[in-house]
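Report on one structure; see the data block that follows.
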Amino acid sequence: MMDLFPNAWTIARREFTQRVRTKTFLIVTLVLALVGLGFGLLPVIGKLIIGDQVTTIAVHSDDAELQSSTVAALRLILNASDEGATYDITAADDAAAAEAQVRSGDLDGLLTVTRGADDELSFDALTDAGPTDQRLFAVRQAATQVNIGDRLQRAGVDPAEAGSIFAPTEFGVTRTNPESPNIEEDFGANYVMAYALVILTFMAVITYGTWVASSVAEEKSSRVMELLITAASPRQLLAGKVLGTGAAGLLQYVAVAGAAVVGFLLQGLLATALFGEGGSTGLENLDLSVLLPWGIFFVGGFMLYAILYAGLGSMASRQEDIQQVTGPMIFVGMGGYFAAFVAMSMPDAGWAKILSVIPFFSPYMLPMRMLLSNVAPWEWTLGALLMVLFLAGALWLAARVYSAGVLLYGQRANLRSAWRAVRVAR
């Protein structure tokens, strides 16, 4: 490794300064930092713009007593949370007028309640809400509870006693490892964090990996590479390109991630200042300690992808060929991205644990699983060791491709030529 320096360091410094001193880099970094800050403050901004959204629902029934009791029950069930009323339930004596209000947007929905010949209740909702709308799901659940309460009353159960039947069941979880963190607490916030880290990792791998490959192809197309190759070895050029361009990309990403973290840290104070003590957004207590292991594996994974992107980029003689030669790495990055999203619903699955220690997937999988499940220490250790081994192997492989690729001009860039370069390079 010592033969890489000082030439590799000189090349890296040149690549880094060329990138960060441009007005485009500064403007884009500033814009992305503002986007990151906005992302961190998104819950507060959304609540400030939308406010406390109230869902208005009218209830109609030909049976006046059934209509009145249903309205009272739905108000009690839907507004049972401590965050205040979010559903305005009213009685609609005129069904046609209420339907017209729903179609005009003055009402969010009309719930028609009927009692059949068998005394069973049936509900029909008129709304433009989609099948995955959480409000429609909540109303459906509330209607089910109303129906069960009606059945109990017809069966002779005292209404006062029926309340105890629906009381929440005490349910505790005892983990086999007493030192494991309590994942159930703030699970929603952790899910949001896992979602964000997976997206950030994918964007960095694709965006800045392409940066590295384009940098190599740019110097080949301008013939600058022919001069550089006389002053430094291909391995030194490769290391310099990866370190310099990668450092510029990471600097930009640190600005974005740092702004987002500041936003997350400030949203609790802003929510309290703007909306009072009840203005919680539910994300103030995000566990930011995961950023440390994520950062370590993110840098390792980023360098792994960047090294291979640089090797493949050396096979392209024109910028137009970059997408073609880097296609395999794009698909690998997308594989990790989609695997992480599937694993978010089953973080303890066997295949998810296996992919978590494979370096191409571990930057996505391990931090995500840390937020949504429990990652054993041996998984972190094995993932780190394999990352080091893969980095060494990728550097060896990419250097061989780079050694032959930087001297290939006018040839069609494909995997066959890359394999030939690996076999003939010295």
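Residues in the structure tokens are numbered from 1 in each chain, the chains being A, B, ... in the order shown, and ligands are numbered from 1 in the order shown.
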Task: segment 289-301 of chain A environment, 8 Å, only C-alpha atoms, sequence neighbours closer than 5 positions dropped, as a list in words - done: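 Selected residues are Thr201, Pro359, Phe360, Ser362, Pro363, Leu366, Pro367, Met370, Leu371, Ala384, Met387, Val388 and Leu391 of chain A.
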Task: All helix (DSSP H, G or I) residues (DSSP, backbone) inside segment 234-417 of chain A, as a ChimeraX atom specification - done: /A:234-275,288-313,319-325,327-343,350-356,362-372,377-405,415-417
TODO: Excluding Gly244 of chain A and residues on its chain fewer than 4 positions from it, collect all residues at most 9 Å away from it, counting only C-alpha atoms, and give them as a PyMOL selection string.
DONE: chain A and resi 9+11-17+19+212+239-240+248-249
Could you turn the residues from that selection into a file that holds all heavy atoms, as a JSON list (two decimals), in the first residue's frame?
```json
[["chain", "number", "residue", "atom", "x", "y", "z"],
["A", 9, "TRP", "N", -2.00, 10.64, -3.32],
["A", 9, "TRP", "CA", -2.47, 11.77, -2.53],
["A", 9, "TRP", "C", -2.50, 13.05, -3.37],
["A", 9, "TRP", "O", -3.43, 13.86, -3.26],
["A", 9, "TRP", "CB", -1.57, 11.97, -1.32],
["A", 9, "TRP", "CG", -1.90, 13.17, -0.50],
["A", 9, "TRP", "CD1", -1.18, 14.33, -0.40],
["A", 9, "TRP", "CD2", -3.06, 13.36, 0.30],
["A", 9, "TRP", "NE1", -1.80, 15.22, 0.43],
["A", 9, "TRP", "CE2", -2.98, 14.65, 0.88],
["A", 9, "TRP", "CE3", -4.16, 12.56, 0.61],
["A", 9, "TRP", "CZ2", -3.95, 15.16, 1.72],
["A", 9, "TRP", "CZ3", -5.13, 13.07, 1.44],
["A", 9, "TRP", "CH2", -5.03, 14.34, 2.00],
["A", 11, "ILE", "N", -2.94, 13.26, -6.63],
["A", 11, "ILE", "CA", -4.07, 13.14, -7.56],
["A", 11, "ILE", "C", -5.38, 13.35, -6.83],
["A", 11, "ILE", "O", -6.29, 14.03, -7.33],
["A", 11, "ILE", "CB", -4.04, 11.75, -8.24],
["A", 11, "ILE", "CG1", -2.80, 11.63, -9.12],
["A", 11, "ILE", "CG2", -5.30, 11.53, -9.08],
["A", 11, "ILE", "CD1", -2.52, 10.23, -9.59],
["A", 12, "ALA", "N", -5.49, 12.78, -5.63],
["A", 12, "ALA", "CA", -6.72, 12.95, -4.85],
["A", 12, "ALA", "C", -6.96, 14.41, -4.51],
["A", 12, "ALA", "O", -8.11, 14.90, -4.59],
["A", 12, "ALA", "CB", -6.63, 12.11, -3.57],
["A", 13, "ARG", "N", -5.89, 15.13, -4.13],
["A", 13, "ARG", "CA", -6.04, 16.54, -3.78],
["A", 13, "ARG", "C", -6.47, 17.35, -5.00],
["A", 13, "ARG", "O", -7.32, 18.25, -4.90],
["A", 13, "ARG", "CB", -4.72, 17.07, -3.23],
["A", 13, "ARG", "CG", -4.77, 18.50, -2.73],
["A", 13, "ARG", "CD", -3.50, 18.86, -2.00],
["A", 13, "ARG", "NE", -2.33, 18.63, -2.83],
["A", 13, "ARG", "CZ", -1.07, 18.74, -2.41],
["A", 13, "ARG", "NH1", -0.85, 19.05, -1.14],
["A", 13, "ARG", "NH2", -0.06, 18.51, -3.22],
["A", 14, "ARG", "N", -5.90, 17.01, -6.16],
["A", 14, "ARG", "CA", -6.28, 17.70, -7.39],
["A", 14, "ARG", "C", -7.76, 17.45, -7.73],
["A", 14, "ARG", "O", -8.49, 18.38, -8.07],
["A", 14, "ARG", "CB", -5.40, 17.22, -8.55],
["A", 14, "ARG", "CG", -5.85, 17.67, -9.92],
["A", 14, "ARG", "CD", -4.94, 17.13, -11.00],
["A", 14, "ARG", "NE", -5.47, 17.37, -12.33],
["A", 14, "ARG", "CZ", -6.32, 16.56, -12.95],
["A", 14, "ARG", "NH1", -6.72, 15.44, -12.35],
["A", 14, "ARG", "NH2", -6.75, 16.84, -14.17],
["A", 15, "GLU", "N", -8.19, 16.19, -7.63],
["A", 15, "GLU", "CA", -9.59, 15.86, -7.93],
["A", 15, "GLU", "C", -10.52, 16.57, -6.96],
["A", 15, "GLU", "O", -11.57, 17.10, -7.36],
["A", 15, "GLU", "CB", -9.80, 14.34, -7.83],
["A", 15, "GLU", "CG", -9.13, 13.54, -8.92],
["A", 15, "GLU", "CD", -9.78, 13.75, -10.27],
["A", 15, "GLU", "OE1", -11.01, 13.99, -10.30],
["A", 15, "GLU", "OE2", -9.08, 13.66, -11.28],
["A", 16, "PHE", "N", -10.16, 16.58, -5.69],
["A", 16, "PHE", "CA", -11.02, 17.17, -4.67],
["A", 16, "PHE", "C", -11.16, 18.68, -4.89],
["A", 16, "PHE", "O", -12.28, 19.21, -4.88],
["A", 16, "PHE", "CB", -10.43, 16.89, -3.29],
["A", 16, "PHE", "CG", -11.23, 17.47, -2.16],
["A", 16, "PHE", "CD1", -12.36, 16.82, -1.70],
["A", 16, "PHE", "CD2", -10.84, 18.65, -1.55],
["A", 16, "PHE", "CE1", -13.12, 17.36, -0.66],
["A", 16, "PHE", "CE2", -11.58, 19.19, -0.51],
["A", 16, "PHE", "CZ", -12.71, 18.54, -0.06],
["A", 17, "THR", "N", -10.04, 19.38, -5.08],
["A", 17, "THR", "CA", -10.10, 20.83, -5.25],
["A", 17, "THR", "C", -10.81, 21.22, -6.55],
["A", 17, "THR", "O", -11.51, 22.23, -6.58],
["A", 17, "THR", "CB", -8.68, 21.42, -5.24],
["A", 17, "THR", "OG1", -7.86, 20.75, -6.22],
["A", 17, "THR", "CG2", -8.04, 21.27, -3.88],
["A", 19, "ARG", "N", -13.30, 19.73, -7.86],
["A", 19, "ARG", "CA", -14.74, 19.57, -7.66],
["A", 19, "ARG", "C", -15.30, 20.65, -6.74],
["A", 19, "ARG", "O", -16.30, 21.29, -7.06],
["A", 19, "ARG", "CB", -15.02, 18.20, -7.03],
["A", 19, "ARG", "CG", -14.71, 17.03, -7.94],
["A", 19, "ARG", "CD", -15.85, 16.73, -8.85],
["A", 19, "ARG", "NE", -15.57, 15.59, -9.72],
["A", 19, "ARG", "CZ", -16.41, 15.14, -10.64],
["A", 19, "ARG", "NH1", -17.57, 15.72, -10.81],
["A", 19, "ARG", "NH2", -16.08, 14.11, -11.39],
["A", 212, "VAL", "N", -17.35, 9.25, -10.00],
["A", 212, "VAL", "CA", -16.01, 8.69, -10.11],
["A", 212, "VAL", "C", -15.78, 8.13, -11.51],
["A", 212, "VAL", "O", -14.74, 8.38, -12.14],
["A", 212, "VAL", "CB", -15.80, 7.59, -9.05],
["A", 212, "VAL", "CG1", -14.44, 6.92, -9.23],
["A", 212, "VAL", "CG2", -15.91, 8.18, -7.64],
["A", 239, "ALA", "N", -6.49, 4.99, -7.04],
["A", 239, "ALA", "CA", -6.65, 5.38, -5.65],
["A", 239, "ALA", "C", -6.90, 6.88, -5.53],
["A", 239, "ALA", "O", -7.75, 7.33, -4.75],
["A", 239, "ALA", "CB", -5.42, 4.98, -4.84],
["A", 240, "GLY", "N", -6.18, 7.68, -6.30],
["A", 240, "GLY", "CA", -6.35, 9.13, -6.26],
["A", 240, "GLY", "C", -7.73, 9.56, -6.72],
["A", 240, "GLY", "O", -8.36, 10.44, -6.11],
["A", 248, "ALA", "N", -15.04, 14.52, -2.21],
["A", 248, "ALA", "CA", -15.90, 15.64, -2.59],
["A", 248, "ALA", "C", -17.37, 15.25, -2.45],
["A", 248, "ALA", "O", -18.19, 16.02, -1.95],
["A", 248, "ALA", "CB", -15.60, 16.08, -4.02],
["A", 249, "GLY", "N", -17.69, 14.05, -2.90],
["A", 249, "GLY", "CA", -19.06, 13.57, -2.78],
["A", 249, "GLY", "C", -19.49, 13.42, -1.33],
["A", 249, "GLY", "O", -20.60, 13.81, -0.94]]
```
Open item on the list: Excluding segment 142-145 of chain A and its own-chain neighbours fewer than 3 positions away, which residues fall within 10 Å of it when counting only C-alpha atoms? Please give them as a PyMOL selection string.
Closed with: chain A and resi 70+73-78+111+113+121-123+136-139+148-151+166
Convert the current residue selection to file output with N, CA and C atoms, as a tab-separated table (two decimals), in the first residue's frame.
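Okay, this is what ended up in again29.tsv:
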```tsv
chain	number	residue	atom	x	y	z
A	70	THR	N	-75.25	5.58	16.87
A	70	THR	CA	-74.05	5.36	16.05
A	70	THR	C	-73.15	6.59	16.06
A	73	ALA	N	-71.39	6.70	19.41
A	73	ALA	CA	-70.36	5.67	19.53
A	73	ALA	C	-69.14	5.99	18.68
A	74	LEU	N	-69.36	6.47	17.46
A	74	LEU	CA	-68.23	6.80	16.58
A	74	LEU	C	-67.42	7.97	17.13
A	75	ARG	N	-68.10	8.95	17.70
A	75	ARG	CA	-67.37	10.07	18.31
A	75	ARG	C	-66.46	9.58	19.43
A	76	LEU	N	-66.98	8.68	20.23
A	76	LEU	CA	-66.21	8.17	21.37
A	76	LEU	C	-65.03	7.31	20.90
A	77	ILE	N	-65.24	6.46	19.91
A	77	ILE	CA	-64.19	5.53	19.46
A	77	ILE	C	-63.11	6.25	18.67
A	78	LEU	N	-63.52	7.08	17.70
A	78	LEU	CA	-62.55	7.71	16.79
A	78	LEU	C	-61.76	8.82	17.46
A	111	LEU	N	-71.65	7.98	6.03
A	111	LEU	CA	-71.77	6.60	6.48
A	111	LEU	C	-73.25	6.29	6.70
A	113	VAL	N	-76.11	3.68	7.83
A	113	VAL	CA	-76.25	2.53	8.71
A	113	VAL	C	-77.67	1.96	8.55
A	121	LEU	N	-76.34	-5.11	11.85
A	121	LEU	CA	-76.05	-3.79	11.28
A	121	LEU	C	-75.17	-3.94	10.05
A	122	SER	N	-75.41	-3.07	9.08
A	122	SER	CA	-74.53	-3.00	7.90
A	122	SER	C	-74.21	-1.54	7.64
A	123	PHE	N	-73.01	-1.28	7.15
A	123	PHE	CA	-72.52	0.08	6.94
A	123	PHE	C	-72.11	0.26	5.48
A	136	LEU	N	-60.15	5.95	6.33
A	136	LEU	CA	-61.18	4.95	5.99
A	136	LEU	C	-60.97	3.67	6.79
A	137	PHE	N	-59.70	3.31	6.98
A	137	PHE	CA	-59.39	2.12	7.78
A	137	PHE	C	-59.86	2.30	9.23
A	138	ALA	N	-59.65	3.51	9.78
A	138	ALA	CA	-60.06	3.78	11.17
A	138	ALA	C	-61.58	3.74	11.30
A	139	VAL	N	-62.30	4.30	10.32
A	139	VAL	CA	-63.76	4.29	10.36
A	139	VAL	C	-64.28	2.85	10.25
A	148	ILE	N	-70.22	-4.85	17.07
A	148	ILE	CA	-70.03	-5.82	18.17
A	148	ILE	C	-70.77	-5.34	19.41
A	149	GLY	N	-70.71	-4.04	19.69
A	149	GLY	CA	-71.43	-3.51	20.83
A	149	GLY	C	-72.93	-3.71	20.69
A	150	ASP	N	-73.44	-3.54	19.48
A	150	ASP	CA	-74.86	-3.76	19.23
A	150	ASP	C	-75.24	-5.23	19.44
A	151	ARG	N	-74.37	-6.13	19.01
A	151	ARG	CA	-74.63	-7.56	19.21
A	151	ARG	C	-74.67	-7.91	20.70
A	166	PHE	N	-64.29	-4.26	25.92
A	166	PHE	CA	-63.42	-3.66	24.90
A	166	PHE	C	-62.16	-3.03	25.51
```
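Considering only C-alpha atoms, the residue among A:Met329, A:Val242, A:Asp133, A:Gly109 positioned nearest to Ala95 of chain A is A:Gly109.
Take atom CA of Gly336 of chain A and atom CA of Met203 of chain A: the distance between them is 11.8 Å.
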Open item on the list: Set the distance at 6 Å and use only C-alpha atoms: which residues neighbour Phe264 of chain A once local chain neighbours fewer than 3 positions away are removed? I'd like the list as a PyMOL selection string.
Closed with: chain A and resi 40+261+267
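DSSP on the backbone gives strand (DSSP E) for these parts of segment 108-137 of chain A: Gly109, Leu110, Leu111, Thr112, Val113, Thr114, Arg115, Leu121, Ser122, Phe123, Asp124, Ala125 and Leu126 of chain A.
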Would you save the residues from that selection as a short mmCIF file (atom, residue, chain, number, x, y, z; two decimals), in the first residue's frame, using N, CA and C atoms?
```cif
data_model
loop_
_atom_site.label_atom_id
_atom_site.label_comp_id
_atom_site.auth_asym_id
_atom_site.auth_seq_id
_atom_site.Cartn_x
_atom_site.Cartn_y
_atom_site.Cartn_z
N GLY A 109 -66.99 12.24 4.11
CA GLY A 109 -67.65 10.96 3.88
C GLY A 109 -69.05 10.92 4.46
N LEU A 110 -69.86 10.01 3.93
CA LEU A 110 -71.20 9.76 4.44
C LEU A 110 -71.31 8.28 4.78
N LEU A 111 -71.65 7.98 6.03
CA LEU A 111 -71.77 6.60 6.48
C LEU A 111 -73.25 6.29 6.70
N THR A 112 -73.76 5.38 5.89
CA THR A 112 -75.17 4.99 6.00
C THR A 112 -75.27 3.69 6.78
N VAL A 113 -76.11 3.68 7.83
CA VAL A 113 -76.25 2.53 8.71
C VAL A 113 -77.67 1.96 8.55
N THR A 114 -77.76 0.68 8.32
CA THR A 114 -79.07 0.02 8.21
C THR A 114 -79.08 -1.23 9.07
N ARG A 115 -80.30 -1.59 9.49
CA ARG A 115 -80.46 -2.83 10.27
C ARG A 115 -81.26 -3.81 9.41
N LEU A 121 -76.34 -5.11 11.85
CA LEU A 121 -76.05 -3.79 11.28
C LEU A 121 -75.17 -3.94 10.05
N SER A 122 -75.41 -3.07 9.08
CA SER A 122 -74.53 -3.00 7.90
C SER A 122 -74.21 -1.54 7.64
N PHE A 123 -73.01 -1.28 7.15
CA PHE A 123 -72.52 0.08 6.94
C PHE A 123 -72.11 0.26 5.48
N ASP A 124 -72.40 1.43 4.94
CA ASP A 124 -71.98 1.76 3.57
C ASP A 124 -71.38 3.16 3.60
N ALA A 125 -70.11 3.27 3.15
CA ALA A 125 -69.41 4.55 3.19
C ALA A 125 -69.32 5.15 1.79
N LEU A 126 -69.74 6.40 1.67
CA LEU A 126 -69.60 7.17 0.44
C LEU A 126 -68.43 8.12 0.62
#
```
